[in-house]
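The data block below is protein30.csv; it holds CSV, C-alpha atoms and all ligand atoms.
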```csv
chain,number,residue,atom,x,y,z
A,1,MET,CA,-146.1,0.4,46.3
A,2,THR,CA,-146.0,-3.3,45.4
A,3,HIS,CA,-144.3,-4.3,42.1
A,4,ARG,CA,-145.5,-7.4,40.4
A,5,ILE,CA,-142.8,-9.7,39.1
A,6,LEU,CA,-143.3,-12.7,36.9
A,7,ILE,CA,-140.4,-15.3,37.0
A,8,LEU,CA,-140.2,-17.8,34.2
A,9,GLY,CA,-138.8,-20.8,35.9
A,10,GLY,CA,-138.3,-24.5,35.8
A,11,THR,CA,-134.8,-24.4,37.4
A,12,SER,CA,-133.5,-24.5,40.9
A,13,GLU,CA,-132.2,-21.0,40.5
A,14,ALA,CA,-135.6,-19.7,39.6
A,15,ARG,CA,-137.0,-21.3,42.7
A,16,HIS,CA,-134.3,-19.8,44.9
A,17,LEU,CA,-134.7,-16.4,43.3
A,18,ALA,CA,-138.5,-16.5,43.8
A,19,GLY,CA,-138.0,-17.3,47.5
A,20,LYS,CA,-135.5,-14.5,47.9
A,21,LEU,CA,-137.7,-11.9,46.2
A,22,ALA,CA,-140.9,-13.1,47.9
A,23,ALA,CA,-139.4,-12.2,51.2
A,24,ARG,CA,-139.5,-8.5,50.2
A,25,SER,CA,-142.7,-6.8,51.2
A,26,ASP,CA,-142.5,-4.4,48.2
A,27,LEU,CA,-142.6,-7.2,45.6
A,28,SER,CA,-145.4,-9.6,44.6
A,29,VAL,CA,-143.9,-12.6,42.9
A,30,THR,CA,-145.4,-15.3,40.7
A,31,LEU,CA,-143.4,-18.2,39.3
A,32,SER,CA,-144.3,-19.7,36.0
A,33,LEU,CA,-143.7,-23.4,35.1
A,34,ALA,CA,-144.1,-25.1,31.8
A,35,GLY,CA,-146.1,-27.8,33.5
A,36,ARG,CA,-144.0,-30.7,32.0
A,37,THR,CA,-142.7,-32.3,35.2
A,38,GLU,CA,-145.2,-34.6,36.7
A,39,SER,CA,-144.4,-33.8,40.3
A,40,PRO,CA,-142.4,-30.5,40.5
A,41,VAL,CA,-140.7,-29.8,43.8
A,42,ALA,CA,-142.6,-27.3,46.0
A,43,GLN,CA,-141.7,-23.8,44.9
A,44,GLY,CA,-142.7,-21.9,48.0
A,45,VAL,CA,-144.3,-19.0,46.1
A,46,PRO,CA,-147.5,-18.6,44.0
A,47,VAL,CA,-147.2,-20.7,40.9
A,48,ARG,CA,-148.9,-20.6,37.5
A,49,SER,CA,-148.4,-23.5,35.2
A,50,GLY,CA,-148.6,-24.2,31.4
A,51,GLY,CA,-147.7,-22.4,28.2
A,52,PHE,CA,-148.9,-18.9,27.5
A,53,GLY,CA,-149.5,-19.4,23.8
A,54,GLY,CA,-146.3,-17.9,22.3
A,55,ALA,CA,-144.9,-14.4,22.7
A,56,ASP,CA,-148.3,-12.8,22.0
A,57,GLY,CA,-149.9,-15.0,24.7
A,58,LEU,CA,-147.1,-14.0,27.2
A,59,ALA,CA,-147.5,-10.4,26.3
A,60,ALA,CA,-151.3,-10.6,26.9
A,61,TYR,CA,-150.6,-12.2,30.3
A,62,LEU,CA,-148.1,-9.5,31.2
A,63,ARG,CA,-150.7,-6.8,30.5
A,64,GLU,CA,-153.6,-8.6,32.1
A,65,ALA,CA,-151.7,-9.4,35.3
A,66,GLY,CA,-150.2,-5.9,35.5
A,67,ILE,CA,-146.6,-7.3,35.6
A,68,ASP,CA,-143.9,-4.6,36.2
A,69,LEU,CA,-140.9,-6.8,35.6
A,70,LEU,CA,-140.3,-10.1,33.7
A,71,ILE,CA,-137.5,-12.4,34.8
A,72,ASP,CA,-136.3,-15.1,32.5
A,73,ALA,CA,-134.8,-17.7,34.8
A,74,THR,CA,-135.5,-20.7,32.5
A,75,HIS,CA,-132.9,-23.4,31.7
A,76,PRO,CA,-130.2,-22.3,29.2
A,77,TYR,CA,-131.5,-24.9,26.7
A,78,ALA,CA,-135.1,-23.6,26.9
A,79,ALA,CA,-134.5,-21.3,23.9
A,80,GLN,CA,-138.1,-20.9,22.8
A,81,ILE,CA,-139.5,-19.5,26.0
A,82,SER,CA,-136.5,-17.2,26.3
A,83,ALA,CA,-137.1,-15.9,22.8
A,84,ASN,CA,-140.8,-15.4,23.6
A,85,ALA,CA,-139.9,-13.6,26.8
A,86,ALA,CA,-137.7,-11.1,25.0
A,87,GLN,CA,-140.3,-10.6,22.3
A,88,ALA,CA,-143.1,-10.1,24.9
A,89,SER,CA,-141.0,-7.6,26.7
A,90,ARG,CA,-140.5,-5.6,23.4
A,91,LEU,CA,-144.3,-5.9,22.7
A,92,THR,CA,-145.4,-4.6,26.1
A,93,GLY,CA,-142.5,-2.4,27.2
A,94,VAL,CA,-142.4,-4.5,30.4
A,95,PRO,CA,-138.6,-4.6,31.3
A,96,ILE,CA,-136.9,-8.0,31.3
A,97,LEU,CA,-133.9,-9.4,33.2
A,98,ALA,CA,-132.4,-12.9,32.6
A,99,LEU,CA,-130.7,-15.2,35.0
A,100,ARG,CA,-128.1,-16.9,32.8
A,101,ARG,CA,-125.8,-19.3,34.6
A,102,PRO,CA,-122.4,-19.6,32.9
A,103,GLY,CA,-121.6,-22.8,31.0
A,104,TRP,CA,-118.9,-25.2,32.0
A,105,LYS,CA,-115.5,-24.9,30.3
A,106,PRO,CA,-113.3,-27.9,29.5
A,107,VAL,CA,-110.3,-28.3,31.8
A,108,ASP,CA,-107.2,-30.4,31.7
A,109,GLY,CA,-108.0,-34.1,31.5
A,110,ASP,CA,-111.5,-33.5,30.0
A,111,ARG,CA,-112.2,-35.5,26.8
A,112,TRP,CA,-115.0,-33.4,25.3
A,113,THR,CA,-116.5,-33.7,21.8
A,114,GLN,CA,-118.6,-30.6,21.3
A,115,VAL,CA,-121.7,-30.7,19.0
A,116,ASP,CA,-124.4,-28.3,18.1
A,117,ARG,CA,-127.5,-30.4,18.5
A,118,THR,CA,-128.7,-33.6,20.1
A,119,GLY,CA,-128.9,-35.2,16.7
A,120,ASP,CA,-125.2,-34.5,16.2
A,121,ALA,CA,-124.4,-36.2,19.5
A,122,VAL,CA,-126.0,-39.4,18.1
A,123,HIS,CA,-123.5,-39.4,15.2
A,124,ALA,CA,-120.6,-38.4,17.5
A,125,LEU,CA,-121.0,-41.7,19.4
A,126,GLY,CA,-119.8,-43.5,16.2
A,127,SER,CA,-120.9,-46.8,14.6
A,128,THR,CA,-119.0,-49.2,17.0
A,129,PRO,CA,-121.3,-50.3,19.9
A,130,ARG,CA,-120.7,-48.3,23.0
A,131,ARG,CA,-122.1,-48.0,26.5
A,132,ALA,CA,-123.5,-44.5,26.6
A,133,PHE,CA,-124.9,-42.5,29.6
A,134,LEU,CA,-127.6,-40.1,28.4
A,135,ALA,CA,-128.0,-37.4,30.9
A,136,LEU,CA,-130.6,-35.6,28.8
A,137,GLY,CA,-134.3,-34.7,29.1
A,138,ARG,CA,-136.8,-37.3,28.2
A,139,GLN,CA,-137.8,-35.3,25.0
A,140,GLU,CA,-134.2,-35.4,23.7
A,141,VAL,CA,-133.4,-39.1,24.1
A,142,ALA,CA,-135.7,-40.3,21.3
A,143,ALA,CA,-133.0,-39.1,18.8
A,144,PHE,CA,-130.8,-42.0,19.9
A,145,GLU,CA,-133.2,-44.6,18.4
A,146,ALA,CA,-131.2,-43.7,15.2
A,147,ALA,CA,-128.2,-45.6,16.7
A,148,PRO,CA,-129.7,-48.8,18.2
A,149,GLN,CA,-126.2,-50.5,18.3
A,150,HIS,CA,-125.3,-48.8,21.6
A,151,HIS,CA,-126.3,-49.7,25.1
A,152,TYR,CA,-127.9,-46.7,26.7
A,153,LEU,CA,-128.2,-45.8,30.4
A,154,VAL,CA,-130.9,-43.1,30.4
A,155,ARG,CA,-131.5,-40.9,33.5
A,156,SER,CA,-134.5,-38.6,33.6
A,157,VAL,CA,-136.7,-36.8,36.2
A,158,ASP,CA,-139.9,-38.3,34.6
A,159,PRO,CA,-140.2,-41.7,33.0
A,160,VAL,CA,-139.2,-41.9,29.3
A,161,GLU,CA,-142.5,-42.9,27.7
A,162,PRO,CA,-142.6,-44.6,25.3
A,163,LYS,CA,-139.4,-46.4,25.9
A,164,LEU,CA,-136.7,-46.1,23.3
A,165,ALA,CA,-137.0,-48.5,20.3
A,166,VAL,CA,-133.5,-49.9,20.9
A,167,PRO,CA,-132.7,-53.4,22.1
A,168,ASP,CA,-130.5,-52.5,25.0
A,169,ALA,CA,-131.4,-49.6,27.4
A,170,THR,CA,-131.6,-49.1,31.1
A,171,TYR,CA,-133.7,-46.4,32.7
A,172,LEU,CA,-133.0,-44.5,35.9
A,173,LEU,CA,-135.3,-42.0,37.5
A,174,ALA,CA,-133.6,-39.3,39.6
A,175,ARG,CA,-133.5,-35.6,40.3
A,176,GLY,CA,-130.3,-33.8,41.0
A,177,PRO,CA,-128.1,-32.6,42.6
A,178,PHE,CA,-125.7,-35.5,41.9
A,179,ARG,CA,-122.4,-35.8,43.7
A,180,GLU,CA,-119.3,-36.6,41.9
A,181,ALA,CA,-118.5,-39.7,43.9
A,182,ASP,CA,-122.0,-41.1,43.2
A,183,GLU,CA,-121.7,-40.3,39.5
A,184,ARG,CA,-118.3,-42.1,39.4
A,185,ALA,CA,-119.8,-45.2,41.0
A,186,LEU,CA,-122.7,-45.1,38.5
A,187,LEU,CA,-120.4,-44.8,35.5
A,188,GLU,CA,-118.2,-47.7,36.8
A,189,GLU,CA,-121.2,-49.9,37.7
A,190,HIS,CA,-122.6,-49.6,34.2
A,191,ARG,CA,-119.2,-49.7,32.5
A,192,ILE,CA,-120.0,-46.5,30.7
A,193,ASP,CA,-117.6,-45.4,28.0
A,194,GLY,CA,-119.4,-42.2,26.7
A,195,VAL,CA,-121.5,-39.5,28.4
A,196,VAL,CA,-123.8,-37.3,26.5
A,197,SER,CA,-124.6,-34.1,28.3
A,198,LYS,CA,-125.9,-30.6,27.8
A,199,ASN,CA,-123.6,-27.8,29.0
A,200,SER,CA,-126.0,-26.9,31.7
A,201,GLY,CA,-123.5,-25.1,33.9
A,202,GLY,CA,-123.9,-24.9,37.7
A,203,GLU,CA,-122.8,-27.4,40.3
A,204,ALA,CA,-125.9,-29.6,40.6
A,205,THR,CA,-125.1,-31.7,37.5
A,206,TYR,CA,-121.4,-31.2,37.2
A,207,GLY,CA,-120.6,-34.4,39.1
A,208,LYS,CA,-120.9,-36.6,36.0
A,209,ILE,CA,-118.5,-34.3,34.0
A,210,ALA,CA,-115.9,-34.4,36.8
A,211,ALA,CA,-116.4,-38.2,37.2
A,212,ALA,CA,-116.0,-38.7,33.4
A,213,ARG,CA,-112.7,-36.7,33.6
A,214,ALA,CA,-111.4,-38.8,36.5
A,215,LEU,CA,-112.2,-42.0,34.6
A,216,GLY,CA,-110.9,-40.8,31.2
A,217,ILE,CA,-114.4,-41.2,29.6
A,218,GLU,CA,-115.4,-39.1,26.6
A,219,VAL,CA,-118.2,-36.5,27.0
A,220,VAL,CA,-120.2,-35.6,24.0
A,221,MET,CA,-121.3,-32.1,25.0
A,222,VAL,CA,-124.2,-30.5,23.2
A,223,ARG,CA,-123.4,-26.8,22.9
A,224,ARG,CA,-125.8,-24.2,24.2
A,225,PRO,CA,-128.5,-22.6,21.9
A,226,ILE,CA,-128.2,-18.9,21.1
A,227,LEU,CA,-130.4,-16.9,23.5
A,228,PRO,CA,-131.7,-13.3,23.0
A,229,GLU,CA,-129.5,-10.5,24.4
A,230,VAL,CA,-131.2,-9.0,27.4
A,231,PRO,CA,-129.8,-7.5,30.6
A,232,SER,CA,-128.7,-10.5,32.6
A,233,ALA,CA,-126.9,-11.8,35.7
A,234,GLU,CA,-125.1,-15.1,36.3
A,235,THR,CA,-126.2,-15.7,39.9
A,236,VAL,CA,-129.3,-15.4,42.0
A,237,GLU,CA,-127.6,-12.9,44.2
A,238,ALA,CA,-126.4,-10.7,41.3
A,239,LEU,CA,-129.9,-10.8,39.7
A,240,ALA,CA,-131.6,-9.9,43.0
A,241,ALA,CA,-129.2,-6.9,43.2
A,242,MET,CA,-130.3,-5.8,39.7
A,243,ILE,CA,-134.0,-5.8,40.6
A,244,ASP,CA,-134.3,-2.2,41.6
A,245,HIS,CA,-132.5,-1.2,38.4
A,246,GLY,CA,-134.8,-3.5,36.4
A,247,LEU,CA,-137.8,-1.7,37.9
A,248,ASP,CA,-136.4,1.7,37.2
A,249,PRO,CA,-138.2,2.0,33.8
A,250,VAL,CA,-141.4,1.4,35.8
A,251,ALA,CA,-140.7,4.3,38.0
A,252,GLU,CA,-139.8,6.4,35.0
A,253,ARG,CA,-143.1,5.5,33.3
A,254,GLY,CA,-144.8,6.7,36.5
A,255,VAL,CA,-146.7,3.5,36.9
B,301,LIG,P1,-138.9,-24.3,25.5
B,301,LIG,O1,-138.7,-25.3,24.4
B,301,LIG,O2,-138.1,-23.1,25.4
B,301,LIG,O3,-140.4,-23.9,25.5
B,301,LIG,C1,-141.4,-24.5,24.8
B,301,LIG,C2,-142.7,-23.9,25.3
B,301,LIG,O4,-143.0,-24.3,26.6
B,301,LIG,C3,-142.7,-22.4,25.3
B,301,LIG,O5,-143.0,-21.9,24.0
B,301,LIG,C4,-143.9,-22.2,26.3
B,301,LIG,O6,-145.1,-22.4,25.7
B,301,LIG,C5,-143.7,-23.3,27.3
B,301,LIG,N1,-142.8,-22.9,28.4
B,301,LIG,C6,-141.5,-23.2,28.6
B,301,LIG,N2,-141.1,-22.7,29.8
B,301,LIG,C7,-142.2,-22.2,30.4
B,301,LIG,C8,-142.4,-21.5,31.7
B,301,LIG,N3,-141.4,-21.4,32.6
B,301,LIG,N4,-143.6,-21.1,31.9
B,301,LIG,C9,-144.6,-21.2,31.0
B,301,LIG,N5,-144.5,-21.8,29.9
B,301,LIG,C10,-143.3,-22.3,29.5
B,301,LIG,O7,-138.7,-25.0,26.9
B,301,LIG,P2,-138.2,-26.5,27.3
B,301,LIG,O8,-136.8,-26.7,26.8
B,301,LIG,O9,-139.3,-27.5,26.8
B,301,LIG,O10,-138.3,-26.4,28.8
B,301,LIG,C11,-139.5,-26.4,29.5
B,301,LIG,C12,-139.3,-26.0,31.0
B,301,LIG,O11,-138.4,-26.9,31.6
B,301,LIG,C13,-138.7,-24.6,31.1
B,301,LIG,O12,-139.4,-24.0,32.2
B,301,LIG,C14,-137.2,-24.9,31.5
B,301,LIG,O13,-136.7,-23.9,32.4
B,301,LIG,C15,-137.3,-26.2,32.2
B,301,LIG,N6,-136.1,-27.0,32.0
B,301,LIG,C16,-135.6,-27.3,30.7
B,301,LIG,C17,-134.5,-28.0,30.5
B,301,LIG,C18,-133.9,-28.2,29.1
B,301,LIG,O14,-132.9,-28.9,29.0
B,301,LIG,N7,-134.6,-27.8,28.1
B,301,LIG,C19,-133.8,-28.5,31.6
B,301,LIG,C20,-134.3,-28.3,32.9
B,301,LIG,C21,-135.4,-27.5,33.1
B,301,LIG,P3,-146.0,-21.2,25.1
B,301,LIG,O15,-145.3,-20.8,23.8
B,301,LIG,O16,-147.3,-21.8,24.9
B,301,LIG,O17,-146.0,-20.1,26.1
```
Can you give me the file's structure in the form of structure tokens?
Ligand code: NAP
Amino acid sequence: MTHRILILGGTSEARHLAGKLAARSDLSVTLSLAGRTESPVAQGVPVRSGGFGGADGLAAYLREAGIDLLIDATHPYAAQISANAAQASRLTGVPILALRRPGWKPVDGDRWTQVDRTGDAVHALGSTPRRAFLALGRQEVAAFEAAPQHHYLVRSVDPVEPKLAVPDATYLLARGPFREADERALLEEHRIDGVVSKNSGGEATYGKIAAARALGIEVVMVRRPILPEVPSAETVEALAAMIDHGLDPVAERGV
């Protein structure tokens, strides 16, 4: 019997998990993307794109598509879709598993200032003009218009449109992974004295954190949002190993 799995993605782990599960003949895997990135990398499995219309819309999709297991493998800062996923699971009885990569922890030599929201990161930069590297999504950087005295180096996957209403900003388009040596060269080249980052976890974007440590640069770290408590694993391998357990309720229901 084939089990249908819907993976909520938008991360490299979701793509890897989808590829791994799609290799199993007993599973039929669909990957869901929000549809924000203009040219997403090839995912290698069937993809659906765009919002569902809240938790109710996702619940309706789960019922209509006959999904047996929902996997939330979205980015740790994508709190709305994770909340919707937990709610849709409750509404439908479709079991849910989450892939939650652990956050980074400060180590000796790190100069982190931790804040709860992007808006707080703007204040944390202070009033004196600085040269700040914003390694944030294009939706979040608009908050920094409130502090036009700083120079900003903004790196994003898609262009920041409209550009920030600040006098001094440089834009870089790039998609990770980013190596520490390259990040260090970037920080030095642009004479950066402050990095603003999310605590994304994982290796692909850790290079800037390690580079900032090596150069003695402050990192303003936006803390993670609170996510719903659902059964979860920290790695693709661990989650893949949980799949049979995640599908148990299906077997118990006799579906
Ligand atoms: P969000 O605020 O949690 O979600 C906003 C809305 O976007 C959701 O309510 C949902 O719309 C739709 N959505 C989000 N993820 C979706 C998915 N995988 N499939 C279908 N619809 C989805 O999310 P976000 O922070 O804007 O992130 C959007 C996507 O980018 C996510 O897939 C996430 O994994 C990825 N991403 C986010 C970040 C980040 O820092 N936030 C970083 C890297 C990648 P409806 O309510 O209409 O269903």
Exercise answer, 8 Å around ligand LIG 301 (chain B) with only C-alpha atoms and all ligand atoms, as a PyMOL selection string: chain A and resi 7-11+31-37+48-55+57-58+73-84+136-137+198+200
Counting only C-alpha atoms, which residue out of A:Leu215, A:Leu239, A:Leu62, A:Val160 sits closest to Arg101 (chain A)?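 Counting only C-alpha atoms, the residue closest to Arg101 (chain A) is A:Leu239.
Interatomic distance, CA of Leu227 (chain A) against CA of Asp56 (chain A): 18.4 Å.
Interatomic distance, CA of Leu164 (chain A) against CA of Leu186 (chain A): 20.7 Å.
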Anything within 10 Å of (-126.6, -43.6, 16.8): list those residues as an MDAnalysis selection string, counting only C-alpha atoms and sticking to the file's coordinates. chainID A and resid 119:130 143:150
Would you mind telling me which residue in A:Asp182, A:Asp193, A:Glu161, A:Glu140 lies nearest to Glu218 (chain A) when using all atoms listed in the file?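 Ranked by minimum distance to Glu218 (chain A), first place goes to A:Asp193.
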So what do you get for CA of Val29 (chain A) versus CA of Arg90 (chain A), distance-wise?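 Atom-to-atom, CA of Val29 (chain A) to CA of Arg90 (chain A), that is 21.0 Å.
Here the question is which of A:Ile226, A:Val219, A:Ala165, A:Gly44 gets nearest to Ala135 (chain A) using only C-alpha atoms, and that residue is A:Val219.
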Nearest to Ala85 (chain A) among A:Leu17, A:Met242, A:Met221, A:Leu6, with distances taken over all atoms listed in the file: which residue is it? A:Leu6
Test item: residues at most 10 Å from Arg175 (chain A), all atoms listed in the file, excluding those fewer than 6 positions along its chain, as a list in words: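 The neighbour list is Val41, Arg155, Ser156, Val157, Asp158, Ala204 and Thr205 of chain A.
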Residues of region 88-174 of chain A within 12 Å of region 1-5 of chain A: nearest atom pair and distance (Å, one decimal) for each, counting only C-alpha atoms, sorted by chain and number, as CSV?
```
residue,atom,partner,partner_atom,distance
A:Val94,CA,A:Ile5,CA,10.1
A:Pro95,CA,A:Ile5,CA,10.2
A:Ile96,CA,A:Ile5,CA,9.9
A:Leu97,CA,A:Ile5,CA,10.7
```
Please determine, counting only C-alpha atoms, which residue among A:Gly103, A:Gly202, A:Gln139, A:Ser28 has the shortest atom-to-atom distance to Val236 (chain A). A:Gly202
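Each of A:Thr30, A:Ala169, A:Val154, A:Glu237 was compared to Gly66 (chain A) using all atoms listed in the file, and A:Thr30 turns out to be the nearest.
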